$ cat target-v3.txt   # compact mmCIF, C-alpha atoms
# COMPACT_ATOMS: atom_id res chain seq x y z
CA MET W 14 -47.99 51.88 18.93
CA LYS W 15 -48.61 55.58 18.59
CA ASN W 16 -52.22 55.17 19.66
CA ILE W 17 -51.19 53.34 22.82
CA CYS W 18 -48.69 56.04 23.77
CA PHE W 19 -51.26 58.74 23.10
CA GLN W 20 -53.84 57.01 25.30
CA MET W 21 -51.34 56.61 28.15
CA SER W 22 -50.31 60.23 27.90
CA ARG W 23 -53.91 61.35 27.96
CA LYS W 24 -54.61 59.31 31.11
CA THR W 25 -51.52 60.73 32.79
CA TRP W 26 -52.64 64.31 32.11
CA LEU W 27 -56.14 63.51 33.32
CA VAL W 28 -54.83 62.19 36.64
CA ALA W 29 -52.58 65.21 37.09
CA LEU W 30 -55.47 67.57 36.31
CA LEU W 31 -57.70 65.90 38.91
CA ALA W 32 -54.95 66.10 41.55
CA VAL W 33 -54.53 69.82 40.90
CA CYS W 34 -58.28 70.37 41.12
CA PHE W 35 -58.48 68.63 44.49
CA ALA W 36 -55.48 70.54 45.78
CA PHE W 37 -56.99 73.96 45.08
CA PRO W 38 -59.76 73.68 47.71
CA ALA W 39 -57.24 72.44 50.29
CA LEU W 40 -54.97 75.37 49.57
CA ALA W 41 -57.89 77.74 49.70
CA GLN W 42 -58.80 76.61 53.24
CA LYS W 43 -55.49 77.82 54.70
CA ILE W 44 -55.72 81.29 56.26
CA THR W 45 -53.40 83.45 58.35
CA VAL W 46 -54.53 83.92 61.94
CA SER W 47 -53.03 86.49 64.28
CA GLY W 48 -53.83 87.93 67.69
CA THR W 49 -52.62 88.72 71.22
CA VAL W 50 -52.45 86.52 74.32
CA VAL W 51 -52.75 88.30 77.69
CA ASP W 52 -53.10 87.33 81.38
CA PRO W 53 -56.19 88.09 83.53
CA GLU W 54 -54.83 91.60 84.24
CA GLY W 55 -54.37 92.35 80.54
CA GLU W 56 -50.58 92.05 80.54
CA PRO W 57 -49.07 90.30 77.50
CA LEU W 58 -47.76 86.75 77.99
CA ILE W 59 -44.35 86.16 76.49
CA GLY W 60 -43.68 82.70 75.05
CA ALA W 61 -47.24 81.39 75.23
CA SER W 62 -47.70 78.31 73.03
CA VAL W 63 -50.18 78.47 70.11
CA LEU W 64 -50.74 75.18 68.26
CA VAL W 65 -53.14 73.92 65.61
CA GLN W 66 -55.10 71.02 67.07
CA GLY W 67 -54.24 67.72 65.42
CA GLU W 68 -51.22 69.09 63.61
CA THR W 69 -47.59 69.74 64.45
CA MET W 70 -47.57 73.35 63.25
CA GLY W 71 -47.52 76.09 65.86
CA THR W 72 -45.79 79.19 67.19
CA ALA W 73 -45.07 81.17 70.37
CA THR W 74 -46.02 84.71 71.32
CA ASP W 75 -43.42 87.48 71.09
CA PHE W 76 -42.43 90.14 73.64
CA ASP W 77 -45.77 91.92 73.21
CA GLY W 78 -47.83 88.72 73.37
CA ASN W 79 -48.55 88.70 69.63
CA TYR W 80 -48.61 85.64 67.39
CA THR W 81 -49.15 84.84 63.71
CA LEU W 82 -49.54 81.45 62.06
CA SER W 83 -51.18 79.73 59.11
CA ALA W 84 -54.02 77.35 59.94
CA PRO W 85 -57.08 75.73 58.35
CA ALA W 86 -60.14 77.98 58.33
CA ASP W 87 -62.19 75.30 60.08
CA GLY W 88 -59.44 74.25 62.51
CA THR W 89 -58.96 74.81 66.25
CA LEU W 90 -56.17 76.69 68.02
CA VAL W 91 -54.81 75.47 71.36
CA PHE W 92 -53.38 78.13 73.71
CA SER W 93 -51.28 77.06 76.71
CA TYR W 94 -48.95 78.66 79.26
CA VAL W 95 -47.39 77.51 82.51
CA GLY W 96 -49.70 78.28 85.43
CA TYR W 97 -52.73 78.92 83.25
CA GLU W 98 -55.56 76.77 81.98
CA THR W 99 -55.25 75.46 78.42
CA GLN W 100 -57.85 76.94 76.07
CA GLU W 101 -59.13 75.52 72.77
CA ILE W 102 -60.76 78.05 70.41
CA ALA W 103 -62.31 77.26 67.04
CA ILE W 104 -61.05 79.46 64.19
CA ALA W 105 -64.35 79.47 62.25
CA GLY W 106 -62.84 81.49 59.40
CA ARG W 107 -61.64 84.34 61.61
CA THR W 108 -58.26 85.95 60.95
CA THR W 109 -57.90 87.69 64.34
CA ILE W 110 -58.29 85.84 67.64
CA ASP W 111 -57.31 87.52 70.93
CA VAL W 112 -57.18 85.36 74.05
CA GLN W 113 -57.20 86.18 77.77
CA MET W 114 -55.80 83.26 79.75
CA LYS W 115 -57.26 82.06 83.05
CA GLU W 116 -55.12 81.18 86.05
CA ASN W 117 -54.94 77.55 87.11
CA SER W 118 -56.34 77.70 90.65
CA LEU W 119 -54.71 74.39 91.58
CA VAL W 120 -51.26 75.80 90.82
CA LEU W 121 -51.33 79.53 91.50
CA ASN W 122 -53.97 79.90 94.20
CA GLU W 123 -52.28 77.65 96.74
CA VAL W 124 -51.35 79.95 99.59
CA VAL W 125 -49.42 79.55 102.82
CA ALA W 126 -49.77 81.41 106.10
CA ILE W 127 -46.59 83.22 107.15
CA GLY W 128 -47.67 85.21 110.20
CA TYR W 129 -48.54 88.55 108.61
CA GLY W 130 -51.12 86.94 106.34
CA VAL W 131 -51.09 84.59 103.39
CA VAL W 132 -49.02 84.61 100.20
CA LYS W 133 -48.83 82.45 97.13
CA LYS W 134 -46.68 79.43 97.75
CA ASN W 135 -44.35 80.22 94.86
CA ASP W 136 -43.85 83.77 96.20
CA ALA W 137 -42.94 82.70 99.76
CA THR W 138 -39.33 83.23 100.76
CA GLY W 139 -37.49 80.82 103.03
CA SER W 140 -38.15 77.18 103.64
CA VAL W 141 -41.89 76.55 104.02
CA ALA W 142 -43.82 73.29 104.18
CA VAL W 143 -47.60 73.02 103.93
CA ILE W 144 -49.53 70.07 105.32
CA LYS W 145 -53.19 69.70 104.39
CA PRO W 146 -54.61 66.65 106.17
CA ASP W 147 -57.39 64.71 104.53
CA ASP W 148 -60.34 63.08 106.29
CA ILE W 149 -58.50 59.77 106.75
CA GLU W 150 -55.42 61.36 108.33
CA ALA W 151 -57.55 63.49 110.64
CA GLY W 152 -59.55 60.45 111.71
CA ILE W 153 -56.49 58.37 112.57
CA ALA W 154 -54.71 61.15 114.46
CA THR W 155 -55.52 61.70 118.12
CA THR W 156 -53.72 65.04 118.32
CA ALA W 157 -52.27 67.49 115.82
CA SER W 158 -48.75 66.27 116.56
CA ASP W 159 -49.67 62.86 115.12
CA MET W 160 -50.22 64.44 111.70
CA LEU W 161 -46.69 65.88 111.70
CA VAL W 162 -45.02 62.46 111.89
CA GLY W 163 -43.14 61.93 108.61
CA ALA W 164 -45.03 64.76 106.92
CA SER W 165 -42.11 67.04 106.01
CA PRO W 166 -38.33 66.70 105.59
CA GLY W 167 -36.35 68.12 108.48
CA VAL W 168 -39.22 67.78 110.96
CA VAL W 169 -38.67 64.99 113.47
CA VAL W 170 -41.54 64.05 115.80
CA THR W 171 -40.92 61.61 118.64
CA THR W 172 -44.15 60.54 120.28
CA ASN W 173 -44.27 59.89 124.00
CA GLY W 174 -44.99 56.16 124.03
CA GLY W 175 -48.74 56.21 123.53
CA ASN W 176 -49.36 59.03 126.00
CA PRO W 177 -52.99 60.10 125.43
CA THR W 178 -52.26 63.71 126.37
CA GLY W 179 -50.38 64.10 123.11
CA GLY W 180 -46.94 64.64 124.53
CA ALA W 181 -44.37 64.66 121.73
CA THR W 182 -40.92 66.04 121.08
CA ILE W 183 -40.84 68.11 117.88
CA ARG W 184 -37.55 69.23 116.37
CA ILE W 185 -37.31 71.30 113.20
CA ARG W 186 -33.88 70.88 111.62
CA GLY W 187 -32.44 69.58 114.88
CA GLY W 188 -31.75 71.31 118.18
CA ALA W 189 -30.15 74.74 118.36
CA SER W 190 -29.34 74.98 122.08
CA LEU W 191 -27.85 72.76 124.78
CA SER W 192 -29.58 74.46 127.71
CA ALA W 193 -32.59 76.38 126.36
CA SER W 194 -35.76 74.93 124.89
CA ASN W 195 -35.62 73.55 121.35
CA ASP W 196 -39.40 73.36 120.91
CA PRO W 197 -40.95 75.23 117.96
CA LEU W 198 -43.46 78.00 118.43
CA ILE W 199 -47.10 76.92 118.00
CA VAL W 200 -49.50 79.47 116.48
CA ILE W 201 -53.20 78.62 116.27
CA ASP W 202 -55.29 80.99 114.11
CA GLY W 203 -52.78 83.78 114.62
CA VAL W 204 -52.50 83.36 118.40
CA PRO W 205 -49.05 82.26 119.66
CA MET W 206 -49.35 79.54 122.28
CA ASN W 207 -47.19 79.02 125.32
CA SER W 208 -44.45 76.51 124.53
CA GLN W 209 -44.62 75.04 128.02
CA ASP W 210 -46.97 72.23 128.90
CA MET W 211 -50.42 73.11 130.11
CA ALA W 212 -52.02 71.84 133.28
CA GLY W 213 -52.37 68.09 133.45
CA GLY W 214 -49.41 67.50 131.14
CA THR W 215 -51.21 68.46 127.93
CA ASN W 216 -49.50 70.64 125.33
CA ALA W 217 -50.69 73.34 122.95
CA LEU W 218 -51.31 70.89 120.11
CA THR W 219 -53.83 69.06 122.28
CA MET W 220 -56.11 72.11 122.31
CA VAL W 221 -57.20 71.73 118.68
CA SER W 222 -58.99 68.76 117.21
CA PRO W 223 -57.44 67.22 114.05
CA ASP W 224 -60.86 67.27 112.35
CA ASN W 225 -60.95 71.09 112.60
CA ILE W 226 -57.54 71.70 111.00
CA GLU W 227 -57.58 73.19 107.50
CA SER W 228 -53.80 73.37 107.03
CA MET W 229 -50.53 73.34 108.94
CA THR W 230 -47.66 75.55 107.77
CA ILE W 231 -44.13 74.91 109.01
CA LEU W 232 -41.60 77.76 108.86
CA LYS W 233 -38.23 76.08 109.06
CA ASP W 234 -35.52 78.72 108.79
CA ALA W 235 -34.42 81.80 110.74
CA SER W 236 -36.58 84.15 108.63
CA ALA W 237 -39.44 83.21 110.97
CA THR W 238 -37.75 85.28 113.70
CA ALA W 239 -38.51 88.42 111.68
CA ILE W 240 -42.20 87.77 112.32
CA TYR W 241 -42.37 86.29 115.83
CA GLY W 242 -39.03 87.27 117.36
CA SER W 243 -36.45 85.11 119.10
CA ARG W 244 -39.03 82.60 120.34
CA ALA W 245 -39.37 81.46 116.72
CA SER W 246 -35.68 80.55 116.41
CA ASN W 247 -36.58 76.85 116.60
CA GLY W 248 -39.16 77.14 113.83
CA VAL W 249 -42.88 77.86 113.77
CA ILE W 250 -45.91 75.63 113.28
CA ILE W 251 -48.90 77.69 112.12
CA ILE W 252 -52.26 75.93 112.41
CA THR W 253 -55.24 77.31 110.48
CA THR W 254 -58.64 75.93 111.42
CA LYS W 255 -61.57 75.43 109.06
CA LYS W 256 -63.96 78.31 108.39
CA GLY W 257 -67.48 78.71 107.13
CA LYS W 258 -68.16 78.80 103.39
CA SER W 259 -70.90 80.41 101.37
CA GLY W 260 -73.77 78.28 100.22
CA ARG W 261 -76.25 75.95 101.81
CA PRO W 262 -75.55 74.67 105.34
CA GLN W 263 -73.38 71.57 105.49
CA ILE W 264 -73.48 69.14 108.40
CA ASN W 265 -70.55 66.76 108.93
CA PHE W 266 -70.32 64.04 111.54
CA THR W 267 -67.44 61.65 112.04
CA ALA W 268 -66.84 58.87 114.54
CA ASN W 269 -63.53 57.04 114.95
CA PHE W 270 -62.48 54.12 117.09
CA HIS W 271 -58.88 53.22 117.90
CA ILE W 272 -57.25 50.17 119.41
CA GLY W 273 -53.74 50.51 120.84
CA HIS W 274 -51.33 47.82 121.91
CA ALA W 275 -47.66 47.62 122.82
CA ARG W 276 -46.23 46.13 119.65
CA LYS W 277 -43.10 44.80 121.32
CA THR W 278 -41.94 44.26 124.92
CA LEU W 279 -38.61 43.24 126.43
CA ASN W 280 -37.77 39.56 126.38
CA LEU W 281 -37.17 38.84 130.08
CA MET W 282 -36.79 35.76 132.23
CA ASP W 283 -39.92 34.35 133.78
CA ALA W 284 -39.98 33.03 137.36
CA TYR W 285 -38.93 29.49 136.42
CA GLN W 286 -36.01 30.64 134.30
CA LEU W 287 -34.90 33.03 137.01
CA ARG W 288 -34.97 30.30 139.70
CA GLU W 289 -32.98 27.97 137.46
CA PHE W 290 -30.44 30.70 136.75
CA VAL W 291 -30.00 31.55 140.44
CA ASN W 292 -29.67 27.89 141.45
CA ASN W 293 -26.98 27.37 138.84
CA TYR W 294 -25.29 30.54 140.00
CA ASN W 295 -25.04 28.90 143.48
CA ASN W 296 -25.36 32.15 145.45
CA GLN W 297 -27.17 31.68 148.76
CA SER W 298 -27.98 35.40 149.14
CA ALA W 299 -29.63 35.47 145.73
CA LYS W 300 -31.56 32.31 146.57
CA ASP W 301 -32.85 33.83 149.81
CA ASN W 302 -34.14 36.91 147.98
CA LEU W 303 -36.04 35.07 145.24
CA ASN W 304 -39.19 35.11 147.37
CA ALA W 305 -40.20 36.74 150.58
CA PRO W 306 -40.04 34.30 153.50
CA TYR W 307 -43.83 34.46 153.89
CA TYR W 308 -44.41 32.01 151.04
CA SER W 309 -44.03 28.29 151.24
CA GLU W 310 -42.19 26.43 148.52
CA GLU W 311 -45.50 25.28 147.05
CA GLU W 312 -46.87 28.84 146.95
CA ALA W 313 -43.66 30.25 145.52
CA ALA W 314 -43.65 27.62 142.76
CA ARG W 315 -47.03 28.86 141.54
CA ILE W 316 -46.00 32.56 141.33
CA ASN W 317 -44.94 33.69 137.87
CA THR W 318 -45.67 37.39 137.29
CA ASP W 319 -45.11 39.16 133.98
CA TRP W 320 -44.79 42.72 135.25
CA GLN W 321 -44.79 44.20 131.76
CA LYS W 322 -48.27 42.82 131.16
CA GLU W 323 -49.32 44.14 134.54
CA VAL W 324 -48.39 47.76 133.78
CA LEU W 325 -49.34 47.80 130.08
CA ARG W 326 -52.72 47.23 128.48
CA THR W 327 -54.61 47.11 125.21
CA THR W 328 -56.48 50.39 124.84
CA PHE W 329 -59.80 51.28 123.27
CA SER W 330 -60.29 54.94 122.38
CA HIS W 331 -63.01 56.78 120.50
CA ASP W 332 -63.73 60.31 119.29
CA TYR W 333 -66.68 62.10 117.72
CA SER W 334 -66.87 65.31 115.71
CA LEU W 335 -69.91 67.34 114.63
CA SER W 336 -69.69 70.52 112.57
CA VAL W 337 -72.24 72.81 110.93
CA GLY W 338 -71.11 75.37 108.36
CA GLY W 339 -72.73 77.65 105.85
CA GLN W 340 -73.79 81.24 105.35
CA ALA W 341 -76.61 83.14 107.06
CA GLY W 342 -77.23 86.24 104.96
CA PHE W 343 -73.85 87.93 104.58
CA LEU W 344 -72.31 86.00 107.50
CA PRO W 345 -70.37 82.78 106.81
CA TYR W 346 -70.20 80.66 109.94
CA ARG W 347 -68.91 77.35 111.24
CA VAL W 348 -69.73 75.73 114.57
CA SER W 349 -67.98 72.53 115.67
CA VAL W 350 -68.05 70.26 118.69
CA THR W 351 -65.60 67.39 119.19
CA TYR W 352 -65.18 64.85 121.96
CA ASN W 353 -62.22 62.53 122.41
CA ASP W 354 -61.77 59.78 124.97
CA SER W 355 -58.29 58.25 124.78
CA GLU W 356 -56.67 55.62 126.95
CA GLY W 357 -52.93 55.33 127.40
CA ILE W 358 -51.01 52.09 126.97
CA VAL W 359 -49.63 52.48 130.50
CA LYS W 360 -52.45 51.67 132.91
CA THR W 361 -54.39 54.51 134.57
CA SER W 362 -53.32 57.08 131.92
CA ASP W 363 -56.25 58.57 130.02
CA MET W 364 -57.62 61.81 128.64
CA GLN W 365 -61.08 63.17 127.89
CA ARG W 366 -61.14 66.27 125.70
CA THR W 367 -64.12 68.37 124.67
CA THR W 368 -63.57 71.15 122.13
CA VAL W 369 -66.11 73.76 121.02
CA GLY W 370 -65.31 76.21 118.23
CA ILE W 371 -67.23 79.06 116.60
CA ASN W 372 -65.92 80.84 113.52
CA LEU W 373 -67.44 83.89 111.81
CA SER W 374 -65.85 85.31 108.65
CA PRO W 375 -67.94 88.14 107.14
CA LYS W 376 -66.75 90.43 104.34
CA PHE W 377 -67.71 94.08 103.81
CA PHE W 378 -67.35 96.71 101.07
CA ASN W 379 -67.47 94.22 98.19
CA GLY W 380 -64.87 91.99 99.76
CA LEU W 381 -62.34 94.75 100.49
CA LEU W 382 -62.65 94.25 104.26
CA SER W 383 -62.55 90.77 105.78
CA VAL W 384 -63.18 90.05 109.44
CA ASN W 385 -62.44 86.70 111.08
CA ALA W 386 -63.72 85.99 114.55
CA ASN W 387 -62.71 82.73 116.25
CA VAL W 388 -63.84 81.49 119.63
CA ASN W 389 -62.41 78.16 120.76
CA GLY W 390 -62.83 76.48 124.09
CA THR W 391 -61.19 73.26 125.22
CA TYR W 392 -61.91 71.26 128.35
CA VAL W 393 -59.37 68.56 129.08
CA LYS W 394 -59.52 66.04 131.88
CA SER W 395 -56.45 63.85 132.03
CA ARG W 396 -54.62 61.51 134.34
CA GLU W 397 -50.92 60.90 134.07
CA ALA W 398 -49.35 57.53 134.80
CA ASP W 399 -45.96 57.11 136.43
CA LEU W 400 -43.84 56.13 133.44
CA GLY W 401 -41.20 54.85 135.84
CA ALA W 402 -43.41 51.76 136.13
CA ILE W 403 -42.11 50.68 132.71
CA GLY W 404 -38.54 50.54 133.95
CA GLY W 405 -39.65 48.97 137.22
CA ALA W 406 -41.49 46.23 135.36
CA ALA W 407 -38.27 45.28 133.57
CA SER W 408 -36.27 44.97 136.80
CA PHE W 409 -38.78 43.65 139.32
CA SER W 410 -38.68 39.99 140.28
CA PRO W 411 -41.23 37.75 138.55
CA THR W 412 -41.22 35.50 141.63
CA LEU W 413 -43.34 38.02 143.57
CA PRO W 414 -47.13 38.26 143.25
CA VAL W 415 -49.08 41.32 142.14
CA TYR W 416 -51.38 41.35 145.17
CA THR W 417 -50.65 40.25 148.72
CA ALA W 418 -52.49 40.51 152.01
CA TYR W 419 -49.40 41.60 153.91
CA ALA W 420 -46.28 43.66 153.38
CA THR W 421 -43.67 41.88 151.30
CA GLN W 422 -40.11 42.07 152.55
CA ASP W 423 -36.84 40.73 151.37
CA ASN W 424 -34.50 38.60 153.44
CA LEU W 425 -32.98 41.71 155.05
CA GLY W 426 -36.34 43.03 156.27
CA ASN W 427 -36.68 45.81 153.65
CA ASN W 428 -40.13 46.47 152.19
CA ILE W 429 -40.48 45.48 148.53
CA THR W 430 -42.53 47.92 146.46
CA PRO W 431 -43.82 46.63 143.12
CA PRO W 432 -44.10 48.92 140.08
CA HIS W 433 -46.83 51.46 140.82
CA PHE W 434 -49.18 53.31 138.49
$ encode --input "target-v3.txt" --output "structure tokens"
Amino acid sequence: MKNICFQMSRKTWLVALLAVCFAFPALAQKITVSGTVVDPEGEPLIGASVLVQGETMGTATDFDGNYTLSAPADGTLVFSYVGYETQEIAIAGRTTIDVQMKENSLVLNEVVAIGYGVVKKNDATGSVAVIKPDDIEAGIATTASDMLVGASPGVVVTTNGGNPTGGATIRIRGGASLSASNDPLIVIDGVPMNSQDMAGGTNALTMVSPDNIESMTILKDASATAIYGSRASNGVIIITTKKGKSGRPQINFTANFHIGHARKTLNLMDAYQLREFVNNYNNQSAKDNLNAPYYSEEEAARINTDWQKEVLRTTFSHDYSLSVGGQAGFLPYRVSVTYNDSEGIVKTSDMQRTTVGINLSPKFFNGLLSVNANVNGTYVKSREADLGAIGGAASFSPTLPVYTAYATQDNLGNNITPPHF
């Protein structure tokens, strides 16, 4: 019995001794690591997170950016801070590790144009919205106003019924006046545009092609008046066009095709329903005015005109864009040519727009002086339709033909004029 107890005791001590021996190397691998975490300018970062990769242990930097923690000699430290890129640094037996964090360009370098220049988005005061259209949005849009539809809260864009000239009503946070204009100020590459319509019914947003827009900044509140004056009381839309970039020349070509159609029309009586209604109404004057007296009963029975189909149409529009950008020596450049041919849903309305733009953006004195030169030319040929034809199509009699060889008169001898274009 004594021998058995002695053997068990000896085994127990042997196991304990082995456990202690294995624990000594593990304890020996733990070292104390300290250092300082700073930003790109060398200023200490307060509260930066320092963790040991794969473990739950960690610490945060103090007021001076210093940290101290115990970690395995062959471990890895993970440094992170809001707005900066996370860095992983191997300890490799070192007891002092100083880290300089790098800014996250996706978070901190996003800038907005505010009239006097550009600032970081998180430093901008007032209500600011930034719209950066992608290639798909630019291809679908006919004008810049199309890209504003539903793009930002508080900005309401009401398009002008498929008008190819880009007519749209834009309101930023509602109207501010009952008698004066409520249109926002349009600024294209730092140049304020006239808020009134241009010749041919086109507006300022028609002068720039959607493919050439880099970003659109919307200033929503009254602080915009400090930059542009009282004309900015209804808000400001700042459009920044694309510029040349350093590197090898890049050639981009896009072609888009659009089909437009009136999604819904008014449900009106046709000629047969109207005749039946008038006959049941039993009004002789209304019966006499169903058709001009020039038509026989057989001819009148064959006339059934849908005036809405006569004034509306299915449109086919297309646009093309070609741009060349790069850097020639010290001179970044971008040259673009766009052509747009758009048809309106109301017959005879159309627009052909040709836009040519040249941008030069050189820098001098090691980037301390930047010069931007923009030359943009737009040639627009448009034709406006009489939109009163839409209302006329809803009220004109379907019992009258579209074309006739003689003047059509009613029973009282008055000339009947169909909806005109």
$ atom_distance --input "target-v3.txt" --atom1 "CA of Gln340 in chain W" --atom2 "CA of Asn385 in chain W"
13.8 Å
$ atom_distance --input "target-v3.txt" --atom1 "CA of Glu54 in chain W" --atom2 "CA of Tyr97 in chain W"
12.9 Å
$ residues_around --input "target-v3.txt" --residues "Thr253 in chain W" --least-positions-apart "4" --cutoff "8 Å" --atoms "all atoms listed in the file" --output "VMD selection string"
chain W and resid 201 to 202 226 to 229
$ atom_distance --input "target-v3.txt" --atom1 "CA of Asp159 in chain W" --atom2 "CA of Ser243 in chain W"
26.2 Å
$ residues_around --input "target-v3.txt" --residues "Met282 in chain W" --least-positions-apart "2" --cutoff "12 Å" --atoms "only C-alpha atoms" --output "PyMOL selection string"
chain W and resi 279-280+284-291+317-321+406-412
$ residues_around --input "target-v3.txt" --residues "Leu373 in chain W" --least-positions-apart "4" --cutoff "8 Å" --atoms "only C-alpha atoms" --output "VMD selection string"
chain W and resid 256 to 257 344 to 347 384 to 387
$ residues_around --input "target-v3.txt" --residues "range 194-200 of chain W" --least-positions-apart "2" --cutoff "12 Å" --atoms "only C-alpha atoms" --output "JSON, numbers by chain"
{"W": [126, 127, 128, 157, 158, 168, 169, 170, 181, 182, 183, 184, 185, 186, 187, 188, 189, 190, 191, 192, 202, 203, 204, 205, 206, 207, 208, 209, 210, 216, 217, 218, 219, 220, 221, 229, 230, 231, 232, 233, 234, 235, 237, 238, 240, 241, 242, 243, 244, 245, 246, 247, 248, 249, 250, 251, 252, 253, 254]}
$ write_last_selection --input "target-v3.txt" --atoms "C-alpha atoms" --output "PDB file, in the frame of the given file"
ATOM      1  CA  ALA W 126     -49.770  81.410 106.100  1.00  0.00           C
ATOM      2  CA  ILE W 127     -46.590  83.220 107.150  1.00  0.00           C
ATOM      3  CA  GLY W 128     -47.670  85.210 110.200  1.00  0.00           C
ATOM      4  CA  ALA W 157     -52.270  67.490 115.820  1.00  0.00           C
ATOM      5  CA  SER W 158     -48.750  66.270 116.560  1.00  0.00           C
ATOM      6  CA  VAL W 168     -39.220  67.780 110.960  1.00  0.00           C
ATOM      7  CA  VAL W 169     -38.670  64.990 113.470  1.00  0.00           C
ATOM      8  CA  VAL W 170     -41.540  64.050 115.800  1.00  0.00           C
ATOM      9  CA  ALA W 181     -44.370  64.660 121.730  1.00  0.00           C
ATOM     10  CA  THR W 182     -40.920  66.040 121.080  1.00  0.00           C
ATOM     11  CA  ILE W 183     -40.840  68.110 117.880  1.00  0.00           C
ATOM     12  CA  ARG W 184     -37.550  69.230 116.370  1.00  0.00           C
ATOM     13  CA  ILE W 185     -37.310  71.300 113.200  1.00  0.00           C
ATOM     14  CA  ARG W 186     -33.880  70.880 111.620  1.00  0.00           C
ATOM     15  CA  GLY W 187     -32.440  69.580 114.880  1.00  0.00           C
ATOM     16  CA  GLY W 188     -31.750  71.310 118.180  1.00  0.00           C
ATOM     17  CA  ALA W 189     -30.150  74.740 118.360  1.00  0.00           C
ATOM     18  CA  SER W 190     -29.340  74.980 122.080  1.00  0.00           C
ATOM     19  CA  LEU W 191     -27.850  72.760 124.780  1.00  0.00           C
ATOM     20  CA  SER W 192     -29.580  74.460 127.710  1.00  0.00           C
ATOM     21  CA  ASP W 202     -55.290  80.990 114.110  1.00  0.00           C
ATOM     22  CA  GLY W 203     -52.780  83.780 114.620  1.00  0.00           C
ATOM     23  CA  VAL W 204     -52.500  83.360 118.400  1.00  0.00           C
ATOM     24  CA  PRO W 205     -49.050  82.260 119.660  1.00  0.00           C
ATOM     25  CA  MET W 206     -49.350  79.540 122.280  1.00  0.00           C
ATOM     26  CA  ASN W 207     -47.190  79.020 125.320  1.00  0.00           C
ATOM     27  CA  SER W 208     -44.450  76.510 124.530  1.00  0.00           C
ATOM     28  CA  GLN W 209     -44.620  75.040 128.020  1.00  0.00           C
ATOM     29  CA  ASP W 210     -46.970  72.230 128.900  1.00  0.00           C
ATOM     30  CA  ASN W 216     -49.500  70.640 125.330  1.00  0.00           C
ATOM     31  CA  ALA W 217     -50.690  73.340 122.950  1.00  0.00           C
ATOM     32  CA  LEU W 218     -51.310  70.890 120.110  1.00  0.00           C
ATOM     33  CA  THR W 219     -53.830  69.060 122.280  1.00  0.00           C
ATOM     34  CA  MET W 220     -56.110  72.110 122.310  1.00  0.00           C
ATOM     35  CA  VAL W 221     -57.200  71.730 118.680  1.00  0.00           C
ATOM     36  CA  MET W 229     -50.530  73.340 108.940  1.00  0.00           C
ATOM     37  CA  THR W 230     -47.660  75.550 107.770  1.00  0.00           C
ATOM     38  CA  ILE W 231     -44.130  74.910 109.010  1.00  0.00           C
ATOM     39  CA  LEU W 232     -41.600  77.760 108.860  1.00  0.00           C
ATOM     40  CA  LYS W 233     -38.230  76.080 109.060  1.00  0.00           C
ATOM     41  CA  ASP W 234     -35.520  78.720 108.790  1.00  0.00           C
ATOM     42  CA  ALA W 235     -34.420  81.800 110.740  1.00  0.00           C
ATOM     43  CA  ALA W 237     -39.440  83.210 110.970  1.00  0.00           C
ATOM     44  CA  THR W 238     -37.750  85.280 113.700  1.00  0.00           C
ATOM     45  CA  ILE W 240     -42.200  87.770 112.320  1.00  0.00           C
ATOM     46  CA  TYR W 241     -42.370  86.290 115.830  1.00  0.00           C
ATOM     47  CA  GLY W 242     -39.030  87.270 117.360  1.00  0.00           C
ATOM     48  CA  SER W 243     -36.450  85.110 119.100  1.00  0.00           C
ATOM     49  CA  ARG W 244     -39.030  82.600 120.340  1.00  0.00           C
ATOM     50  CA  ALA W 245     -39.370  81.460 116.720  1.00  0.00           C
ATOM     51  CA  SER W 246     -35.680  80.550 116.410  1.00  0.00           C
ATOM     52  CA  ASN W 247     -36.580  76.850 116.600  1.00  0.00           C
ATOM     53  CA  GLY W 248     -39.160  77.140 113.830  1.00  0.00           C
ATOM     54  CA  VAL W 249     -42.880  77.860 113.770  1.00  0.00           C
ATOM     55  CA  ILE W 250     -45.910  75.630 113.280  1.00  0.00           C
ATOM     56  CA  ILE W 251     -48.900  77.690 112.120  1.00  0.00           C
ATOM     57  CA  ILE W 252     -52.260  75.930 112.410  1.00  0.00           C
ATOM     58  CA  THR W 253     -55.240  77.310 110.480  1.00  0.00           C
ATOM     59  CA  THR W 254     -58.640  75.930 111.420  1.00  0.00           C
TER      60      THR W 254
END
$ residues_near_point --input "target-v3.txt" --point "(-51.4, 48.0, 119.4)" --cutoff "9 Å" --atoms "only C-alpha atoms" --output "number ranges by chain"
W: 272-276, 327-328, 358
$ write_last_selection --input "target-v3.txt" --atoms "C-alpha atoms" --output "PDB file, keeping the file's coordinate frame"
ATOM      1  CA  ILE W 272     -57.250  50.170 119.410  1.00  0.00           C
ATOM      2  CA  GLY W 273     -53.740  50.510 120.840  1.00  0.00           C
ATOM      3  CA  HIS W 274     -51.330  47.820 121.910  1.00  0.00           C
ATOM      4  CA  ALA W 275     -47.660  47.620 122.820  1.00  0.00           C
ATOM      5  CA  ARG W 276     -46.230  46.130 119.650  1.00  0.00           C
ATOM      6  CA  THR W 327     -54.610  47.110 125.210  1.00  0.00           C
ATOM      7  CA  THR W 328     -56.480  50.390 124.840  1.00  0.00           C
ATOM      8  CA  ILE W 358     -51.010  52.090 126.970  1.00  0.00           C
TER       9      ILE W 358
END
$ closest_residue --input "target-v3.txt" --among "W:Ile102, W:Val50, W:Ile403, W:Val350" --to "Thr391 in chain W" --atoms "all atoms listed in the file"
W:Val350
$ closest_residue --input "target-v3.txt" --among "W:Asn176, W:Pro223, W:Gly338, W:Asn379" --to "Ser362 in chain W" --atoms "only C-alpha atoms"
W:Asn176
